[in-house]
>>> print(open('target25.txt').read())   # compact mmCIF, C-alpha atoms
# COMPACT_ATOMS: atom_id res chain seq x y z
CA MET A 1 -21.43 -20.67 13.41
CA ASN A 2 -20.45 -18.78 16.54
CA LEU A 3 -20.73 -15.04 17.20
CA ALA A 4 -17.01 -14.29 16.74
CA ASN A 5 -17.04 -15.84 13.25
CA ARG A 6 -20.23 -13.98 12.33
CA ILE A 7 -18.56 -10.69 13.26
CA THR A 8 -15.54 -11.60 11.12
CA ILE A 9 -17.81 -12.43 8.17
CA ALA A 10 -19.64 -9.12 8.71
CA ARG A 11 -16.26 -7.38 8.41
CA ILE A 12 -15.68 -9.09 5.06
CA LEU A 13 -19.19 -8.14 3.91
CA LEU A 14 -18.52 -4.47 4.73
CA ILE A 15 -15.73 -4.38 2.14
CA PRO A 16 -18.03 -4.18 -0.95
CA LEU A 17 -19.96 -1.39 0.79
CA PHE A 18 -16.68 0.42 1.41
CA ILE A 19 -15.84 0.05 -2.30
CA LEU A 20 -19.27 1.38 -3.32
CA PHE A 21 -18.80 4.61 -1.38
CA LEU A 22 -15.10 5.18 -2.15
CA ALA A 23 -15.25 4.41 -5.87
CA GLU A 24 -15.09 7.22 -8.40
CA TYR A 25 -18.02 7.34 -10.80
CA PRO A 26 -18.33 9.11 -14.17
CA LEU A 27 -19.46 12.73 -14.03
CA TRP A 28 -22.50 12.04 -16.21
CA LEU A 29 -23.68 9.43 -13.69
CA THR A 30 -23.16 11.64 -10.64
CA GLU A 31 -25.02 14.50 -12.34
CA GLN A 32 -27.97 12.40 -13.52
CA ASN A 33 -28.46 10.11 -10.54
CA SER A 34 -29.05 11.57 -7.09
CA PHE A 35 -27.67 8.48 -5.29
CA PHE A 36 -24.38 8.62 -7.18
CA GLY A 37 -24.36 12.39 -6.78
CA PHE A 38 -24.63 11.85 -3.03
CA ILE A 39 -21.75 9.36 -3.17
CA HIS A 40 -19.71 11.89 -5.15
CA ASP A 41 -20.26 14.52 -2.43
CA LYS A 42 -20.20 12.45 0.78
CA GLY A 43 -18.92 9.02 -0.21
CA THR A 44 -15.40 9.37 1.18
CA TYR A 45 -16.71 10.19 4.65
CA ILE A 46 -19.18 7.31 4.56
CA ALA A 47 -16.40 5.00 3.34
CA LEU A 48 -14.28 6.23 6.27
CA GLY A 49 -17.08 5.36 8.71
CA ILE A 50 -17.43 1.90 7.16
CA PHE A 51 -13.66 1.40 7.31
CA ILE A 52 -13.49 2.38 10.99
CA LEU A 53 -16.47 0.14 11.83
CA ALA A 54 -14.91 -2.80 9.97
CA SER A 55 -11.54 -2.20 11.65
CA ALA A 56 -13.18 -2.07 15.09
CA THR A 57 -14.79 -5.47 14.54
CA ASP A 58 -11.28 -6.96 14.38
CA LYS A 59 -10.78 -6.29 18.08
CA LEU A 60 -14.35 -7.27 18.90
CA ASP A 61 -14.31 -10.69 17.25
CA GLY A 62 -10.96 -11.54 18.85
CA TYR A 63 -12.20 -10.46 22.28
CA ILE A 64 -15.39 -12.52 21.97
CA ALA A 65 -13.52 -15.56 20.65
CA ARG A 66 -11.11 -15.52 23.61
CA LYS A 67 -13.62 -14.59 26.32
CA TYR A 68 -16.26 -17.15 25.33
CA ASN A 69 -13.85 -19.82 24.12
CA GLN A 70 -15.09 -19.51 20.53
CA ILE A 71 -11.71 -19.94 18.84
CA THR A 72 -12.20 -22.13 15.77
CA ASN A 73 -10.18 -23.15 12.74
CA LEU A 74 -12.61 -21.15 10.58
CA GLY A 75 -11.95 -18.07 12.72
CA LYS A 76 -8.19 -18.61 12.50
CA LEU A 77 -8.54 -18.61 8.71
CA LEU A 78 -11.08 -15.81 8.29
CA ASP A 79 -9.79 -13.26 10.79
CA PRO A 80 -6.39 -12.57 9.20
CA LEU A 81 -7.95 -12.90 5.74
CA ALA A 82 -10.54 -10.23 6.60
CA ASP A 83 -7.79 -7.89 7.86
CA LYS A 84 -5.69 -8.37 4.73
CA LEU A 85 -8.67 -7.88 2.42
CA LEU A 86 -9.80 -4.72 4.19
CA ILE A 87 -6.37 -3.08 4.18
CA SER A 88 -5.52 -4.22 0.63
CA VAL A 89 -8.82 -3.06 -0.84
CA ALA A 90 -8.55 0.30 0.93
CA LEU A 91 -5.02 0.84 -0.38
CA ILE A 92 -5.88 -0.21 -3.93
CA MET A 93 -8.91 2.10 -3.99
CA MET A 94 -6.84 4.96 -2.60
CA VAL A 95 -4.07 4.42 -5.18
CA GLN A 96 -6.72 4.53 -7.92
CA SER A 97 -7.98 7.84 -6.53
CA GLY A 98 -4.47 9.27 -6.24
CA MET A 99 -4.62 9.48 -2.43
CA VAL A 100 -1.70 7.11 -1.79
CA ALA A 101 1.54 6.47 -3.65
CA THR A 102 1.59 3.14 -5.47
CA TRP A 103 4.86 2.04 -3.86
CA ILE A 104 3.34 2.30 -0.39
CA ALA A 105 0.43 0.04 -1.34
CA VAL A 106 2.82 -2.44 -3.01
CA VAL A 107 5.09 -2.58 0.08
CA ILE A 108 2.19 -3.14 2.48
CA ILE A 109 0.36 -5.69 0.32
CA ALA A 110 3.59 -7.54 -0.58
CA ARG A 111 4.45 -7.93 3.10
CA GLU A 112 1.08 -9.59 3.66
CA PHE A 113 1.70 -12.05 0.80
CA VAL A 114 5.16 -12.95 2.13
CA ILE A 115 3.96 -13.52 5.70
CA THR A 116 0.91 -15.46 4.50
CA GLY A 117 3.20 -17.67 2.42
CA LEU A 118 5.43 -18.26 5.44
CA ARG A 119 2.39 -19.19 7.53
CA MET A 120 1.18 -21.61 4.84
CA VAL A 121 4.56 -23.40 4.75
CA ALA A 122 4.56 -23.57 8.55
CA SER A 123 0.99 -24.88 8.59
CA GLU A 124 1.92 -27.72 6.23
CA GLN A 125 4.57 -28.73 8.75
CA GLY A 126 2.10 -28.59 11.64
CA ILE A 127 3.48 -25.32 13.01
CA ALA A 128 1.09 -22.50 13.91
CA LEU A 129 2.76 -19.10 13.67
CA ALA A 130 1.01 -16.59 15.90
CA ALA A 131 0.91 -12.87 15.25
CA ASP A 132 3.38 -10.90 17.32
CA LYS A 133 3.14 -7.46 18.91
CA TRP A 134 4.80 -5.81 15.90
CA GLY A 135 2.09 -7.19 13.62
CA LYS A 136 -0.55 -5.70 15.90
CA ILE A 137 1.22 -2.32 16.00
CA LYS A 138 1.48 -2.48 12.20
CA MET A 139 -2.26 -3.08 11.85
CA VAL A 140 -3.16 -0.19 14.19
CA LEU A 141 -0.83 2.19 12.35
CA GLN A 142 -2.17 1.09 8.95
CA VAL A 143 -5.75 1.71 10.07
CA ALA A 144 -4.82 5.12 11.51
CA ALA A 145 -2.93 6.07 8.33
CA ILE A 146 -5.75 5.01 6.00
CA ALA A 147 -8.31 6.87 8.13
CA ALA A 148 -6.12 10.01 8.15
CA VAL A 149 -5.68 9.90 4.37
CA LEU A 150 -9.44 9.48 3.87
CA LEU A 151 -9.94 12.55 6.07
CA ASP A 152 -7.48 14.42 3.80
CA ASN A 153 -5.60 15.85 6.80
CA VAL A 154 -8.77 17.30 8.36
CA PRO A 155 -8.93 18.71 11.09
CA VAL A 156 -5.13 18.84 11.50
CA GLN A 157 -4.81 21.28 8.58
CA SER A 158 -6.32 24.04 10.71
CA ILE A 159 -3.51 23.64 13.25
CA THR A 160 -0.45 22.98 11.08
CA LEU A 161 0.63 22.86 7.47
CA MET A 162 2.28 19.50 8.12
CA ARG A 163 0.64 16.61 6.25
CA VAL A 164 0.01 14.29 9.20
CA ASP A 165 -1.84 11.86 6.93
CA GLU A 166 1.26 11.46 4.73
CA LEU A 167 3.54 11.07 7.76
CA LEU A 168 1.27 8.36 9.17
CA MET A 169 1.23 6.55 5.82
CA PHE A 170 5.05 6.65 5.59
CA GLY A 171 5.19 5.43 9.19
CA ALA A 172 2.77 2.61 8.39
CA ALA A 173 4.93 1.54 5.43
CA ALA A 174 8.09 1.63 7.58
CA ILE A 175 6.52 -0.37 10.43
CA THR A 176 5.09 -2.81 7.87
CA ILE A 177 8.59 -3.49 6.53
CA LEU A 178 10.13 -3.74 10.01
CA SER A 179 7.38 -5.98 11.40
CA GLY A 180 7.59 -8.23 8.35
CA ALA A 181 11.37 -8.58 8.66
CA HIS A 182 11.08 -9.21 12.41
CA TYR A 183 8.37 -11.86 11.92
CA PHE A 184 10.27 -13.54 9.09
CA ILE A 185 13.61 -13.65 10.95
CA ASN A 186 12.02 -14.94 14.18
CA ASN A 187 9.98 -17.66 12.50
CA PHE A 188 12.12 -18.71 9.53
CA LYS A 189 14.30 -20.94 11.71
CA LEU A 190 11.20 -22.87 12.85
CA ILE A 191 10.44 -23.95 9.29
CA GLN A 192 12.38 -26.39 7.20
CA LEU A 193 12.24 -25.25 3.59
CA ARG A 194 12.78 -28.08 1.17
>>> encode(input="target25.txt", output="structure tokens")
Amino acid sequence: MNLANRITIARILLIPLFILFLAEYPLWLTEQNSFFGFIHDKGTYIALGIFILASATDKLDGYIARKYNQITNLGKLLDPLADKLLISVALIMMVQSGMVATWIAVVIIAREFVITGLRMVASEQGIALAADKWGKIKMVLQVAAIAAVLLDNVPVQSITLMRVDELLMFGAAAITILSGAHYFINNFKLIQLR
């Protein structure tokens, strides 16, 4: 297994660690156990660090795969899967904690299912659908929005009363819809649905 694929797998393995630190635990557990008490106090910030690290590996594994000619079928499968898992898990955890509206998570996750389905149909016909620039912009905005929500509008709150984290999340949802529609319209004609 090459280095690029190892980095992608590391990104997937960071997801359970992200869950551990972002999860909400019962009060009796956080009061009786110092580790869970620590998670209760600092877990969101540690989860944010893990999320940013995992997100950064997305650029790193792609760079290494291209630079050292390490592009493999396994990497083509795992890389988008790792991205979708990371974003989906973050959104689901944040909905559970009341940080993000359910409809935003549904819109973003549903878009990923639709595009993945389109790619699967194309793959069966021997067509490889590459990500476009809108998909990359969408991913960057989603990462920025999730990070801002995890920060709970800090440090922006000291400058303005505007909820920048909420604006970024609405923007991420809007770009997700637009990028999905753009991708679908541009690639639908390449595929023969039977």
>>> closest_residue(input="target25.txt", among="A:Gly180, A:Gly117, A:Pro80, A:Gly135", to="A:Ile12", atoms="only C-alpha atoms")
A:Pro80
>>> residues_around(input="target25.txt", residues="A:Leu20", least_positions_apart="2", cutoff="10 Å", atoms="only C-alpha atoms", output="list in words")
Leu14, Ile15, Pro16, Leu17, Phe18, Leu22, Ala23, Glu24, Tyr25, Phe36, Ile39, Gly43, Thr44, Ile46 and Ala47 of chain A
>>> residues_near_point(input="target25.txt", point="(-24.9, -9.5, 17.5)", cutoff="12 Å", atoms="all atoms listed in the file", output="list in words")
Asn2, Leu3, Ala4, Asn5, Arg6, Ile7, Thr8, Ala10, Thr57, Leu60, Asp61 and Ile64 of chain A
>>> closest_residue(input="target25.txt", among="A:Ile159, A:Val154, A:Leu74, A:Leu141", to="A:Ile175", atoms="only C-alpha atoms")
A:Leu141
>>> residues_around(input="target25.txt", residues="stretch 164-168 of chain A", least_positions_apart="6", cutoff="6 Å", atoms="all atoms listed in the file", output="PDB file with C-alpha atoms, in the frame of the given file")
ATOM      1  CA  ALA A 145      -2.930   6.070   8.330  1.00  0.00           C
ATOM      2  CA  ALA A 148      -6.120  10.010   8.150  1.00  0.00           C
ATOM      3  CA  VAL A 149      -5.680   9.900   4.370  1.00  0.00           C
ATOM      4  CA  ASN A 153      -5.600  15.850   6.800  1.00  0.00           C
TER       5      ASN A 153
END
>>> residues_around(input="target25.txt", residues="A:Ile137", least_positions_apart="4", cutoff="12 Å", atoms="all atoms listed in the file", output="PyMOL selection string")
chain A and resi 131-133+141-144+171-176+178-180
>>> closest_residue(input="target25.txt", among="A:Lys84, A:Glu124, A:Asn186, A:Val95", to="A:Lys138", atoms="all atoms listed in the file")
A:Lys84
>>> closest_residue(input="target25.txt", among="A:Asn33, A:Gln125, A:Ser55, A:Thr72", to="A:Ile87", atoms="all atoms listed in the file")
A:Ser55
>>> closest_residue(input="target25.txt", among="A:Met162, A:Ile146, A:Ile9, A:Leu151", to="A:Met94", atoms="all atoms listed in the file")
A:Ile146
>>> decode(input="target25.txt", residues="stretch 131-174 of chain A", atoms="C-alpha atoms", output="compact mmCIF listing (two decimals), in the first residue's frame")
# COMPACT_ATOMS: atom_id res chain seq x y z
CA ALA A 131 -14.78 16.00 -9.42
CA ASP A 132 -15.17 19.52 -10.74
CA LYS A 133 -14.11 22.87 -9.28
CA TRP A 134 -17.54 23.41 -7.70
CA GLY A 135 -17.19 20.15 -5.78
CA LYS A 136 -13.84 21.33 -4.46
CA ILE A 137 -15.24 24.73 -3.47
CA LYS A 138 -18.13 22.92 -1.77
CA MET A 139 -15.74 20.77 0.26
CA VAL A 140 -13.66 23.78 1.38
CA LEU A 141 -16.77 25.71 2.41
CA GLN A 142 -18.19 22.70 4.27
CA VAL A 143 -14.95 22.27 6.21
CA ALA A 144 -14.82 25.99 7.03
CA ALA A 145 -18.48 26.00 8.12
CA ILE A 146 -18.11 22.93 10.34
CA ALA A 147 -14.95 24.36 11.92
CA ALA A 148 -16.69 27.71 12.55
CA VAL A 149 -19.69 26.00 14.16
CA LEU A 150 -17.40 23.92 16.39
CA LEU A 151 -15.71 27.17 17.46
CA ASP A 152 -19.18 28.55 18.32
CA ASN A 153 -18.45 31.85 16.54
CA VAL A 154 -15.23 32.44 18.52
CA PRO A 155 -13.28 34.77 18.09
CA VAL A 156 -15.63 36.60 15.70
CA GLN A 157 -18.13 37.26 18.51
CA SER A 158 -15.76 39.82 20.03
CA ILE A 159 -15.87 41.85 16.79
CA THR A 160 -19.49 41.54 15.68
CA LEU A 161 -22.82 40.17 16.82
CA MET A 162 -23.25 38.51 13.43
CA ARG A 163 -23.23 34.70 13.58
CA VAL A 164 -20.51 34.03 11.00
CA ASP A 165 -20.67 30.30 11.76
CA GLU A 166 -24.37 30.20 10.81
CA LEU A 167 -23.75 32.25 7.65
CA LEU A 168 -20.97 29.88 6.61
CA MET A 169 -23.20 26.86 7.22
CA PHE A 170 -26.03 28.37 5.14
CA GLY A 171 -23.46 29.18 2.45
CA ALA A 172 -22.14 25.61 2.56
CA ALA A 173 -25.67 24.25 2.13
CA ALA A 174 -26.34 26.61 -0.80
